[in-house]
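*Asks:* Structure file run_23.cif (mmCIF, C-alpha atoms and all ligand atoms) is given on the next line.
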data_my_file
loop_
_atom_site.group_PDB
_atom_site.id
_atom_site.type_symbol
_atom_site.label_atom_id
_atom_site.label_comp_id
_atom_site.auth_asym_id
_atom_site.auth_seq_id
_atom_site.Cartn_x
_atom_site.Cartn_y
_atom_site.Cartn_z
ATOM 1 C CA MET A 1332 -14.148 27.192 -36.224
ATOM 2 C CA LEU A 1333 -13.743 23.739 -37.616
ATOM 3 C CA TYR A 1334 -12.551 20.870 -35.459
ATOM 4 C CA THR A 1335 -9.163 19.203 -35.681
ATOM 5 C CA GLN A 1336 -8.446 15.747 -34.359
ATOM 6 C CA PRO A 1337 -6.138 15.908 -31.319
ATOM 7 C CA GLN A 1338 -3.063 13.707 -31.357
ATOM 8 C CA LEU A 1339 -3.166 10.938 -28.758
ATOM 9 C CA PRO A 1340 -0.873 11.405 -25.742
ATOM 10 C CA TYR A 1341 0.613 7.895 -26.224
ATOM 11 C CA ALA A 1342 2.034 5.788 -29.054
ATOM 12 C CA ASN A 1343 -0.362 3.658 -31.129
ATOM 13 C CA ASP A 1344 1.383 0.467 -30.024
ATOM 14 C CA SER A 1345 1.598 1.354 -26.338
ATOM 15 C CA LEU A 1346 -1.818 0.104 -25.137
ATOM 16 C CA SER A 1347 -1.233 -3.462 -26.306
ATOM 17 C CA PRO A 1348 -2.396 -6.095 -25.474
ATOM 18 C CA ALA A 1349 -5.591 -4.386 -24.224
ATOM 19 C CA ILE A 1350 -5.940 -2.466 -27.516
ATOM 20 C CA SER A 1351 -3.655 -3.255 -30.450
ATOM 21 C CA LYS A 1352 -1.779 -0.797 -32.650
ATOM 22 C CA GLU A 1353 -3.957 -1.868 -35.582
ATOM 23 C CA THR A 1354 -7.185 -1.148 -33.676
ATOM 24 C CA ILE A 1355 -5.975 2.330 -32.688
ATOM 25 C CA GLU A 1356 -4.978 3.026 -36.290
ATOM 26 C CA PHE A 1357 -8.438 2.097 -37.566
ATOM 27 C CA HIS A 1358 -10.578 3.206 -34.630
ATOM 28 C CA TYR A 1359 -8.943 6.544 -33.862
ATOM 29 C CA GLY A 1360 -7.147 7.091 -37.162
ATOM 30 C CA LYS A 1361 -10.039 6.296 -39.501
ATOM 31 C CA HIS A 1362 -13.390 5.974 -37.660
ATOM 32 C CA GLU A 1363 -12.864 8.981 -35.408
ATOM 33 C CA LYS A 1364 -11.329 11.008 -38.222
ATOM 34 C CA ALA A 1365 -14.425 10.334 -40.333
ATOM 35 C CA TYR A 1366 -16.776 11.554 -37.561
ATOM 36 C CA ILE A 1367 -14.765 14.785 -37.263
ATOM 37 C CA ASP A 1368 -14.646 15.278 -41.050
ATOM 38 C CA ASN A 1369 -18.408 14.690 -41.290
ATOM 39 C CA LEU A 1370 -19.042 17.085 -38.391
ATOM 40 C CA ASN A 1371 -16.968 19.804 -40.068
ATOM 41 C CA ASN A 1372 -18.790 19.341 -43.373
ATOM 42 C CA LEU A 1373 -22.160 19.619 -41.602
ATOM 43 C CA ILE A 1374 -21.362 22.798 -39.611
ATOM 44 C CA LYS A 1375 -19.281 24.659 -42.203
ATOM 45 C CA GLY A 1376 -21.014 27.923 -43.086
ATOM 46 C CA THR A 1377 -23.875 27.379 -40.599
ATOM 47 C CA ASP A 1378 -24.724 29.011 -37.248
ATOM 48 C CA LYS A 1379 -23.231 25.924 -35.545
ATOM 49 C CA GLU A 1380 -19.751 26.642 -36.857
ATOM 50 C CA ASP A 1381 -18.664 28.581 -33.752
ATOM 51 C CA MET A 1382 -20.721 26.636 -31.225
ATOM 52 C CA PRO A 1383 -18.888 24.553 -28.591
ATOM 53 C CA LEU A 1384 -19.125 20.865 -29.443
ATOM 54 C CA GLU A 1385 -21.041 20.094 -26.235
ATOM 55 C CA GLU A 1386 -23.720 22.621 -27.245
ATOM 56 C CA ILE A 1387 -24.005 21.123 -30.711
ATOM 57 C CA ILE A 1388 -24.537 17.704 -29.112
ATOM 58 C CA ILE A 1389 -27.276 19.017 -26.810
ATOM 59 C CA ASN A 1390 -28.986 21.046 -29.564
ATOM 60 C CA SER A 1391 -28.957 18.740 -32.574
ATOM 61 C CA SER A 1392 -30.449 15.569 -33.981
ATOM 62 C CA GLY A 1393 -29.994 13.229 -36.914
ATOM 63 C CA ALA A 1394 -26.694 13.192 -38.793
ATOM 64 C CA LEU A 1395 -25.344 16.287 -37.018
ATOM 65 C CA PHE A 1396 -25.992 14.801 -33.573
ATOM 66 C CA ASN A 1397 -24.552 11.430 -34.586
ATOM 67 C CA ASN A 1398 -21.293 12.853 -35.933
ATOM 68 C CA ALA A 1399 -20.884 15.556 -33.258
ATOM 69 C CA SER A 1400 -21.495 13.112 -30.438
ATOM 70 C CA GLN A 1401 -19.272 10.398 -31.908
ATOM 71 C CA ALA A 1402 -16.515 12.987 -32.476
ATOM 72 C CA TRP A 1403 -16.732 13.971 -28.788
ATOM 73 C CA ASN A 1404 -17.207 10.438 -27.432
ATOM 74 C CA HIS A 1405 -14.098 9.023 -29.085
ATOM 75 C CA ILE A 1406 -11.841 11.811 -27.835
ATOM 76 C CA PHE A 1407 -13.283 11.274 -24.358
ATOM 77 C CA TYR A 1408 -12.735 7.494 -24.655
ATOM 78 C CA PHE A 1409 -9.207 7.539 -26.069
ATOM 79 C CA PHE A 1410 -8.034 10.239 -23.656
ATOM 80 C CA SER A 1411 -9.070 7.998 -20.724
ATOM 81 C CA PHE A 1412 -6.207 5.593 -21.436
ATOM 82 C CA SER A 1413 -2.517 5.452 -20.592
ATOM 83 C CA PRO A 1414 0.212 2.838 -21.086
ATOM 84 C CA ASP A 1415 0.819 3.354 -17.345
ATOM 85 C CA GLY A 1416 -2.874 3.009 -16.537
ATOM 86 C CA GLY A 1417 -4.756 0.481 -14.468
ATOM 87 C CA GLY A 1418 -4.958 0.343 -10.724
ATOM 88 C CA GLU A 1419 -7.825 1.977 -8.896
ATOM 89 C CA PRO A 1420 -9.432 5.407 -8.587
ATOM 90 C CA GLN A 1421 -8.551 7.457 -5.543
ATOM 91 C CA GLY A 1422 -10.018 10.410 -3.714
ATOM 92 C CA GLU A 1423 -13.613 11.554 -4.006
ATOM 93 C CA LEU A 1424 -14.454 9.365 -6.987
ATOM 94 C CA ARG A 1425 -13.268 6.290 -5.120
ATOM 95 C CA GLN A 1426 -15.338 7.227 -2.077
ATOM 96 C CA ALA A 1427 -18.431 7.766 -4.225
ATOM 97 C CA ILE A 1428 -17.919 4.443 -6.036
ATOM 98 C CA ASN A 1429 -17.577 2.605 -2.741
ATOM 99 C CA ALA A 1430 -20.654 4.326 -1.314
ATOM 100 C CA GLN A 1431 -22.886 3.670 -4.311
ATOM 101 C CA PHE A 1432 -21.693 0.341 -5.681
ATOM 102 C CA GLY A 1433 -20.272 -1.300 -2.537
ATOM 103 C CA SER A 1434 -16.692 -1.561 -3.791
ATOM 104 C CA PHE A 1435 -14.509 -0.884 -6.812
ATOM 105 C CA GLU A 1436 -14.719 -4.576 -7.766
ATOM 106 C CA LEU A 1437 -18.530 -4.516 -7.672
ATOM 107 C CA PHE A 1438 -18.569 -1.308 -9.714
ATOM 108 C CA LYS A 1439 -16.327 -2.855 -12.391
ATOM 109 C CA LYS A 1440 -18.552 -5.944 -12.557
ATOM 110 C CA GLN A 1441 -21.710 -3.860 -12.985
ATOM 111 C CA PHE A 1442 -20.091 -1.575 -15.573
ATOM 112 C CA GLU A 1443 -18.766 -4.488 -17.625
ATOM 113 C CA GLU A 1444 -22.134 -6.255 -17.480
ATOM 114 C CA ALA A 1445 -23.888 -3.123 -18.755
ATOM 115 C CA GLY A 1446 -21.504 -3.121 -21.724
ATOM 116 C CA VAL A 1447 -21.813 -6.822 -22.441
ATOM 117 C CA LYS A 1448 -25.628 -6.716 -22.294
ATOM 118 C CA LEU A 1449 -26.048 -3.651 -24.514
ATOM 119 C CA PHE A 1450 -27.632 -4.977 -27.711
ATOM 120 C CA GLY A 1451 -25.974 -3.722 -30.882
ATOM 121 C CA SER A 1452 -23.765 -0.635 -31.062
ATOM 122 C CA GLY A 1453 -23.394 1.926 -28.322
ATOM 123 C CA TRP A 1454 -21.644 3.080 -25.197
ATOM 124 C CA VAL A 1455 -21.684 2.292 -21.504
ATOM 125 C CA TRP A 1456 -21.198 5.362 -19.326
ATOM 126 C CA LEU A 1457 -20.358 6.329 -15.787
ATOM 127 C CA SER A 1458 -21.734 9.819 -15.165
ATOM 128 C CA SER A 1459 -22.559 12.080 -12.270
ATOM 129 C CA ASP A 1460 -25.307 14.565 -11.546
ATOM 130 C CA ASP A 1461 -24.932 17.975 -9.885
ATOM 131 C CA GLU A 1462 -25.145 16.359 -6.436
ATOM 132 C CA GLY A 1463 -22.351 13.891 -7.141
ATOM 133 C CA ASN A 1464 -24.601 10.859 -7.547
ATOM 134 C CA LEU A 1465 -23.127 8.303 -9.941
ATOM 135 C CA PHE A 1466 -25.007 6.562 -12.732
ATOM 136 C CA ILE A 1467 -24.109 3.627 -14.970
ATOM 137 C CA THR A 1468 -26.089 3.917 -18.194
ATOM 138 C CA GLN A 1469 -26.231 2.174 -21.551
ATOM 139 C CA GLY A 1470 -26.785 4.214 -24.687
ATOM 140 C CA ALA A 1471 -27.357 3.127 -28.264
ATOM 141 C CA ASN A 1472 -25.218 4.312 -31.184
ATOM 142 C CA ALA A 1473 -23.917 7.871 -30.580
ATOM 143 C CA SER A 1474 -25.570 8.405 -27.180
ATOM 144 C CA ASN A 1475 -24.031 10.846 -24.729
ATOM 145 C CA PRO A 1476 -25.129 11.569 -21.117
ATOM 146 C CA LEU A 1477 -24.680 15.316 -21.770
ATOM 147 C CA THR A 1478 -28.124 15.191 -23.394
ATOM 148 C CA GLU A 1479 -29.561 14.103 -20.013
ATOM 149 C CA GLY A 1480 -27.808 16.856 -18.067
ATOM 150 C CA LEU A 1481 -25.215 14.458 -16.638
ATOM 151 C CA THR A 1482 -21.425 14.842 -16.481
ATOM 152 C CA PRO A 1483 -19.603 11.970 -18.233
ATOM 153 C CA ILE A 1484 -16.790 10.395 -16.210
ATOM 154 C CA LEU A 1485 -15.945 7.143 -18.005
ATOM 155 C CA ALA A 1486 -17.062 5.522 -21.250
ATOM 156 C CA PHE A 1487 -16.493 2.126 -22.857
ATOM 157 C CA ASP A 1488 -17.160 1.920 -26.594
ATOM 158 C CA VAL A 1489 -19.060 -1.285 -27.357
ATOM 159 C CA TRP A 1490 -19.383 -0.816 -31.117
ATOM 160 C CA GLU A 1491 -17.842 -3.848 -32.834
ATOM 161 C CA HIS A 1492 -15.339 -1.533 -34.554
ATOM 162 C CA ALA A 1493 -13.826 -0.889 -31.097
ATOM 163 C CA TYR A 1494 -12.721 -4.486 -30.554
ATOM 164 C CA TYR A 1495 -13.361 -6.748 -33.520
ATOM 165 C CA LEU A 1496 -9.797 -6.776 -34.905
ATOM 166 C CA ASP A 1497 -8.438 -7.891 -31.528
ATOM 167 C CA TYR A 1498 -11.266 -9.853 -29.930
ATOM 168 C CA GLN A 1499 -13.767 -10.746 -32.695
ATOM 169 C CA ASN A 1500 -17.014 -11.770 -30.914
ATOM 170 C CA ARG A 1501 -15.496 -11.679 -27.394
ATOM 171 C CA ARG A 1502 -16.848 -8.325 -26.262
ATOM 172 C CA ALA A 1503 -16.648 -9.274 -22.573
ATOM 173 C CA ASP A 1504 -12.895 -9.937 -22.868
ATOM 174 C CA ALA A 1505 -12.398 -6.668 -24.756
ATOM 175 C CA LEU A 1506 -14.137 -4.648 -22.047
ATOM 176 C CA HIS A 1507 -12.427 -6.487 -19.186
ATOM 177 C CA ALA A 1508 -9.001 -5.687 -20.661
ATOM 178 C CA LEU A 1509 -9.706 -1.930 -20.617
ATOM 179 C CA TRP A 1510 -9.331 -1.735 -16.828
ATOM 180 C CA ASP A 1511 -5.579 -2.331 -17.335
ATOM 181 C CA ILE A 1512 -5.153 0.919 -19.291
ATOM 182 C CA ILE A 1513 -7.560 3.352 -17.590
ATOM 183 C CA ASP A 1514 -5.782 6.523 -16.476
ATOM 184 C CA TRP A 1515 -7.550 7.044 -13.165
ATOM 185 C CA ASP A 1516 -5.892 10.418 -12.611
ATOM 186 C CA VAL A 1517 -7.619 11.749 -15.737
ATOM 187 C CA VAL A 1518 -10.910 9.982 -15.018
ATOM 188 C CA SER A 1519 -11.038 10.978 -11.326
ATOM 189 C CA ASN A 1520 -10.552 14.628 -12.280
ATOM 190 C CA ARG A 1521 -13.801 14.521 -14.264
ATOM 191 C CA TYR A 1522 -15.762 13.882 -11.051
HETATM 192 MN MN MN B 1 -15.929 3.754 -31.727
#
Show me, as structure tokens, the structure contained in the file I just sent.
*Replies:*
Amino acid sequence: MLYTQPQLPYANDSLSPAISKETIEFHYGKHEKAYIDNLNNLIKGTDKEDMPLEEIIINSSGALFNNASQAWNHIFYFFSFSPDGGGEPQGELRQAINAQFGSFELFKKQFEEAGVKLFGSGWVWLSSDDEGNLFITQGANASNPLTEGLTPILAFDVWEHAYYLDYQNRRADALHALWDIIDWDVVSNRY
């Protein structure tokens, strides 16, 4: 089975000003499409062709890992947003955030800082382990917490391609704006 790129559940111009229409067209329409096309070319006719994407990510390296993980990461990232997003998490995720980071505001500060301080291209992640403990981690390039046995809950893309059209060198502003479009219903259900 080859992978097809899912259509986003919102219009390309509906996340503005946090993310512009132009950025979605390039980032999801071209960058993400290329990762999926590359992934399909790499698995076509191999024993990985019918493997779930998460298993490919855990069991690969090099170009296959990079394209499989980036294909997965961008779907995870873009499906965390909503034009009606923002606000705060509720329920068990909120309780865990408060318990581990002190408050939602302190969590956001720590998460943003991890993204701002990541050198070069990569991702900042909120993940959980089997006991519900939360982790904020930085990962270079195509990194994915699945490879460490963790469950991803939230990701911010800090590659320049994620924000350069809208924010140029202002990565901190780009990350800060994402809180306004996070769909906490979707994200809380991952915990
Ligand atoms: Mn990206």
*Asks:* Would you list the contacts of Leu1384 of chain A as a ChimeraX atom specification, taking every protein, DNA or RNA residue within 12 Å and counting only C-alpha atoms, but skipping same-chain residues closer than 6 positions in sequence?
*Replies:* /A:1332-1335,1367,1370-1371,1374,1390-1391,1395-1396,1398-1404,1406,1477
*Asks:* Using only C-alpha atoms, which residue out of A:Tyr1359, A:Asn1464, A:Glu1380, A:Asn1475 lies closest to Leu1424 of chain A?
*Replies:* A:Asn1464
*Asks:* Would you mind listing what lies within 12 Å of Asp1504 of chain A as a list in words, with only C-alpha atoms counted and same-chain residues fewer than 2 positions away left out?
*Replies:*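 Those residues are Pro1348, Ala1349, Ile1350, Glu1443, Glu1444, Gly1446, Val1447, Val1489, Tyr1494, Tyr1495, Asp1497, Tyr1498, Gln1499, Asn1500, Arg1501, Arg1502, Leu1506, His1507, Ala1508, Leu1509, Trp1510 and Asp1511 of chain A.
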*Asks:* Any chance you could resolve the PyMOL selection byres (((not hetatm)) within 8 of (chain B and resi 1)) against this file and give the residues as a list in words?
*Replies:*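 For this structure, the PyMOL selection byres (((not hetatm)) within 8 of (chain B and resi 1)) captures His1358, Tyr1359, His1362, Glu1363, Gln1401, His1405, Asp1488, Val1489, Trp1490, Glu1491, His1492 and Ala1493 of chain A.
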*Asks:* For Val1518 of chain A, which residue among A:Asp1344, A:Glu1462, A:Glu1419, A:Glu1385 is the nearest when counting all atoms listed in the file?
*Replies:* A:Glu1419
*Asks:* List, as a PyMOL selection string, every residue that the PyMOL selection byres (((chain A and resi 1474) around 8) and not hetatm) selects in the file provided.
*Replies:* chain A and resi 1400+1453-1454+1470-1473+1475-1476
*Asks:* Only C-alpha atoms, please: the residues just picked out, written as a tab-separated table (two decimals), in the frame of the given file.
*Replies:*
chain	number	residue	atom	x	y	z
A	1400	SER	CA	-21.50	13.11	-30.44
A	1453	GLY	CA	-23.39	1.93	-28.32
A	1454	TRP	CA	-21.64	3.08	-25.20
A	1470	GLY	CA	-26.78	4.21	-24.69
A	1471	ALA	CA	-27.36	3.13	-28.26
A	1472	ASN	CA	-25.22	4.31	-31.18
A	1473	ALA	CA	-23.92	7.87	-30.58
A	1475	ASN	CA	-24.03	10.85	-24.73
A	1476	PRO	CA	-25.13	11.57	-21.12
*Asks:* Between atom CA of Ile1467 of chain A and atom CA of Phe1442 of chain A, what distance in Å does the model show, to one decimal?
*Replies:*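 Between atom CA of Ile1467 of chain A and atom CA of Phe1442 of chain A the gap works out to 6.6 Å.
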*Asks:* Using only C-alpha atoms, give me every residue within 10 Å of (-4.4, 12.5, -32.2) in file coordinates, as a list of chain:residue names.
*Replies:*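 Residues satisfying the cut-off, written out: A:Thr1335, A:Gln1336, A:Pro1337, A:Gln1338, A:Leu1339, A:Pro1340, A:Tyr1341, A:Ala1342, A:Asn1343, A:Tyr1359, A:Gly1360, A:Glu1363, A:Lys1364, A:Ile1406, A:Phe1409, A:Phe1410.
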*Asks:* State, in Å with one decimal place, the distance from atom CA of Asp1514 of chain A to atom CA of Asp1415 of chain A.
*Replies:*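 Distance between the two atoms: 7.4 Å.
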